[in-house]
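Reading through the structure tokens given below for one structure.
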Amino acid sequence: MPILPDVDTLRLCSMLTSTAFGLVFCALWLRDRREGHLLFWAAGSLLYGAVIFSFSLTPPDAAGVTTPLFALLSLANVLPLAGARRLDGKPPFVWWMLIPIVAAGAGHGLPRLAVVQGWLPATSLLPNIGDAIGLSLSIAINGGALLWGRWTVRTAGHGIAGAGLLAYIPGFVLSVAGEYHVLRGMETLALLAMLSDQALLGIINLGLLAIPVEHAQRQLRQAALRDPLTGAWNRAGLEAQKPRFLASGAAAIAIDIDHFKSINDRHGHAAGDAVLALFGREAGVLAQAGGGELFRLGGDEFAILLPADGPDPGRFAERLRTHLRSHADDAVGWTVSMGMATVLDGDRDVDAALHRADTSLYQAKAEGRGIIAA
């Protein structure tokens, strides 16, 4: 028989490691209390340590106590997901996050209740493997949501933390197999779970710590590629986005705010900035709704790129003009002129389409203001 590590020693190591990470998250939150996601992660780590400690004090046959502990164990795994959702700008909790909590508690408590009620024989192995089944389902939901969820900003940290959670499942599967083979009668679930902790707790928590770091790096990159006044991509952003739109049928729309210099002269630069900001906000929303992007090329010159499978460029331009007219300040009064072109089969980059759209824009200006030319 192989010599196996002592479960109580492993449990103590898990408790100390989890508590240490919880204190780290608390310390980070105290430095910047706007970072509420850190509180969720701290609560998850501290709760996990507390539950592990509670298991060491609770007799295994005290189902009335151990069943809530299994539910709390799953809650400790839900809290990292809740924190990641909050950091992503989503509500921390949604209704389906109750499923892993209920699954862990029910997996432990229901089979034992069935034995007590006589619905299962006293020799049934279901109470032993029910723990592993409930925890596996719980871990699969939480880890899967971190790894494959629809994140506004998906980071490597999501993948690391999610994969770390999912890596517990093989240990649960082995504990089920152990009930039928050489490890039957031993604390296989506790042993394998604690062994998994030694390898995975650090991975999961370091993955969580990486998420806000990658968020901050992304924000810095975005700031370098966007115009702060209008929110539109700048020329560097245009270079980064061009490959997305290099497909036959993609559209380029060149846009110019009519008589913009006279707006500054008559109403002041603050009014001109307000016009640019309003245009950037409204045009950017419409562009993204059509799968496209808005770019500020300089001054009052803008461009919108639409994908090949996006809206008809003529209809989009007309909708944009109507939308802007409804949002324009009557006291200032401003219009836009637009020129359109599409990416052709022989184009090697989007610049050719942008140049043709710019030529159409000058044609529109020659015909008058507030004109759309193709």
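Here's how to read the names in the structure tokens: chain A, B, ... by the order shown, residue numbers from 1 in each chain, ligand numbers from 1 in the order shown.
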Quiz item: Looking only at the backbone, which of the residues in stretch 195-294 of chain A does DSSP tag as strand (DSSP E or B), as a PyMOL selection string?
Solution: chain A and resi 226+233+251-257+293-294
Self-check item: Per-residue DSSP, stretch 61-187 of chain A, filtered to alpha helix (DSSP H), as a count of residues only
Solution: 90
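Excluding stretch 34-49 of chain A itself and same-chain residues fewer than 2 positions from it, the residues having an atom within 7 Å of it are Met15, Leu16, Ser18, Thr19, Phe21, Gly22, Leu23, Phe25, Cys26, Trp29, Asp32, Val51, Ile52, Phe53, Leu73, Ala76, Asn77, Leu79, Pro80, Ala82, Gly83, Ala84, Arg86 and Leu87 of chain A, counting only C-alpha atoms.
Residue nearest A:Leu229 within the list A:Thr322, A:Thr17, A:Gly298, A:Gly280: A:Gly280 [criterion: smallest interatomic distance, only C-alpha atoms].
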Self-check item: Nearest candidate to A:Asn142 (options A:Leu110, A:Ala283, A:Ala210, A:Ile101; using only C-alpha atoms)
Solution: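 The closest residue to A:Asn142 is A:Ile101.
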Practice problem: Skip A:Leu276 itself and residues of its chain fewer than 5 positions away, then list as a list in words all residues within 9 Å of it, counting only C-alpha atoms. | Solution: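 Surrounding residues, per the criterion: Leu229, Thr230, Ile257, Ala271, Arg281, Gly299 and Asp300 of chain A.
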Selection above as a file: N, CA and C atoms, as a PDB file, in the first residue's frame:
ATOM      1  N   LEU A 229     -11.263  63.273 -27.235  1.00  0.00           N
ATOM      2  CA  LEU A 229     -12.432  64.144 -27.303  1.00  0.00           C
ATOM      3  C   LEU A 229     -13.644  63.424 -27.874  1.00  0.00           C
ATOM      4  N   THR A 230     -13.466  62.701 -28.965  1.00  0.00           N
ATOM      5  CA  THR A 230     -14.597  62.102 -29.676  1.00  0.00           C
ATOM      6  C   THR A 230     -14.778  60.616 -29.386  1.00  0.00           C
ATOM      7  N   ILE A 257     -17.512  67.766 -41.146  1.00  0.00           N
ATOM      8  CA  ILE A 257     -18.499  68.660 -40.543  1.00  0.00           C
ATOM      9  C   ILE A 257     -18.459  69.990 -41.311  1.00  0.00           C
ATOM     10  N   ALA A 271     -17.786  75.433 -28.051  1.00  0.00           N
ATOM     11  CA  ALA A 271     -18.933  74.950 -28.829  1.00  0.00           C
ATOM     12  C   ALA A 271     -18.468  73.988 -29.920  1.00  0.00           C
ATOM     13  N   ARG A 281     -19.693  60.636 -30.394  1.00  0.00           N
ATOM     14  CA  ARG A 281     -20.522  59.727 -29.603  1.00  0.00           C
ATOM     15  C   ARG A 281     -21.620  59.087 -30.449  1.00  0.00           C
ATOM     16  N   GLY A 299      -8.771  67.192 -37.185  1.00  0.00           N
ATOM     17  CA  GLY A 299      -9.712  68.318 -37.190  1.00  0.00           C
ATOM     18  C   GLY A 299     -11.150  67.835 -37.176  1.00  0.00           C
ATOM     19  N   ASP A 300     -11.902  68.257 -38.200  1.00  0.00           N
ATOM     20  CA  ASP A 300     -13.308  67.849 -38.311  1.00  0.00           C
ATOM     21  C   ASP A 300     -13.496  66.783 -39.383  1.00  0.00           C
TER      22      ASP A 300
END
Practice problem: Fewer than 5 positions away in the same chain doesn't count, so skip those; otherwise give me all residues within 9 Å of A:Gly231, counting only C-alpha atoms, as a PyMOL selection string. | Solution: chain A and resi 226+277+280-281+284+294-296
Practice problem: Quick one: everything within 7 Å of A:Ile139, counting only C-alpha atoms, minus sequence neighbours fewer than 4 positions away in the same chain. Send it as a VMD selection string. | Solution: chain A and resid 135 143 165 to 166
For those residues, write N, CA, C and O atoms to a file as a PDB file, in the first residue's frame.
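Produced file selection25.pdb, reproduced below:
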ATOM      1  N   LEU A 135     -19.809  18.355  -6.485  1.00  0.00           N
ATOM      2  CA  LEU A 135     -18.710  19.315  -6.605  1.00  0.00           C
ATOM      3  C   LEU A 135     -18.214  19.430  -8.045  1.00  0.00           C
ATOM      4  O   LEU A 135     -17.833  20.512  -8.502  1.00  0.00           O
ATOM      5  N   GLY A 143     -15.935  27.155 -13.384  1.00  0.00           N
ATOM      6  CA  GLY A 143     -14.732  27.195 -14.213  1.00  0.00           C
ATOM      7  C   GLY A 143     -15.048  27.431 -15.671  1.00  0.00           C
ATOM      8  O   GLY A 143     -14.354  28.185 -16.365  1.00  0.00           O
ATOM      9  N   LEU A 165      -9.755  25.965 -12.022  1.00  0.00           N
ATOM     10  CA  LEU A 165     -10.935  25.377 -11.384  1.00  0.00           C
ATOM     11  C   LEU A 165     -11.301  24.042 -12.020  1.00  0.00           C
ATOM     12  O   LEU A 165     -11.571  23.058 -11.328  1.00  0.00           O
ATOM     13  N   LEU A 166     -11.326  24.013 -13.345  1.00  0.00           N
ATOM     14  CA  LEU A 166     -11.702  22.773 -14.038  1.00  0.00           C
ATOM     15  C   LEU A 166     -10.723  21.644 -13.753  1.00  0.00           C
ATOM     16  O   LEU A 166     -11.094  20.464 -13.831  1.00  0.00           O
TER      17      LEU A 166
END
Self-check item: 10 Å contact set for A:Asp6, only C-alpha atoms, chain neighbours under 4 positions out, as a list in words
Solution: Leu10, Arg11, Leu191 and Met194 of chain A
Selection file, N, CA and C atoms, as a PDB file, in the first residue's frame:
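To be explicit, this is the file written out as part_23.pdb:
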ATOM      1  N   LEU A  10      -2.541  18.352   4.852  1.00  0.00           N
ATOM      2  CA  LEU A  10      -2.887  18.984   3.578  1.00  0.00           C
ATOM      3  C   LEU A  10      -4.007  20.002   3.771  1.00  0.00           C
ATOM      4  N   ARG A  11      -4.954  19.653   4.631  1.00  0.00           N
ATOM      5  CA  ARG A  11      -6.061  20.580   4.885  1.00  0.00           C
ATOM      6  C   ARG A  11      -5.541  21.881   5.508  1.00  0.00           C
ATOM      7  N   LEU A 191      -8.746  13.709   0.380  1.00  0.00           N
ATOM      8  CA  LEU A 191      -7.322  13.591   0.065  1.00  0.00           C
ATOM      9  C   LEU A 191      -7.009  14.201  -1.298  1.00  0.00           C
ATOM     10  N   MET A 194      -7.547  18.021  -1.413  1.00  0.00           N
ATOM     11  CA  MET A 194      -6.472  18.764  -0.750  1.00  0.00           C
ATOM     12  C   MET A 194      -5.176  18.716  -1.558  1.00  0.00           C
TER      13      MET A 194
END
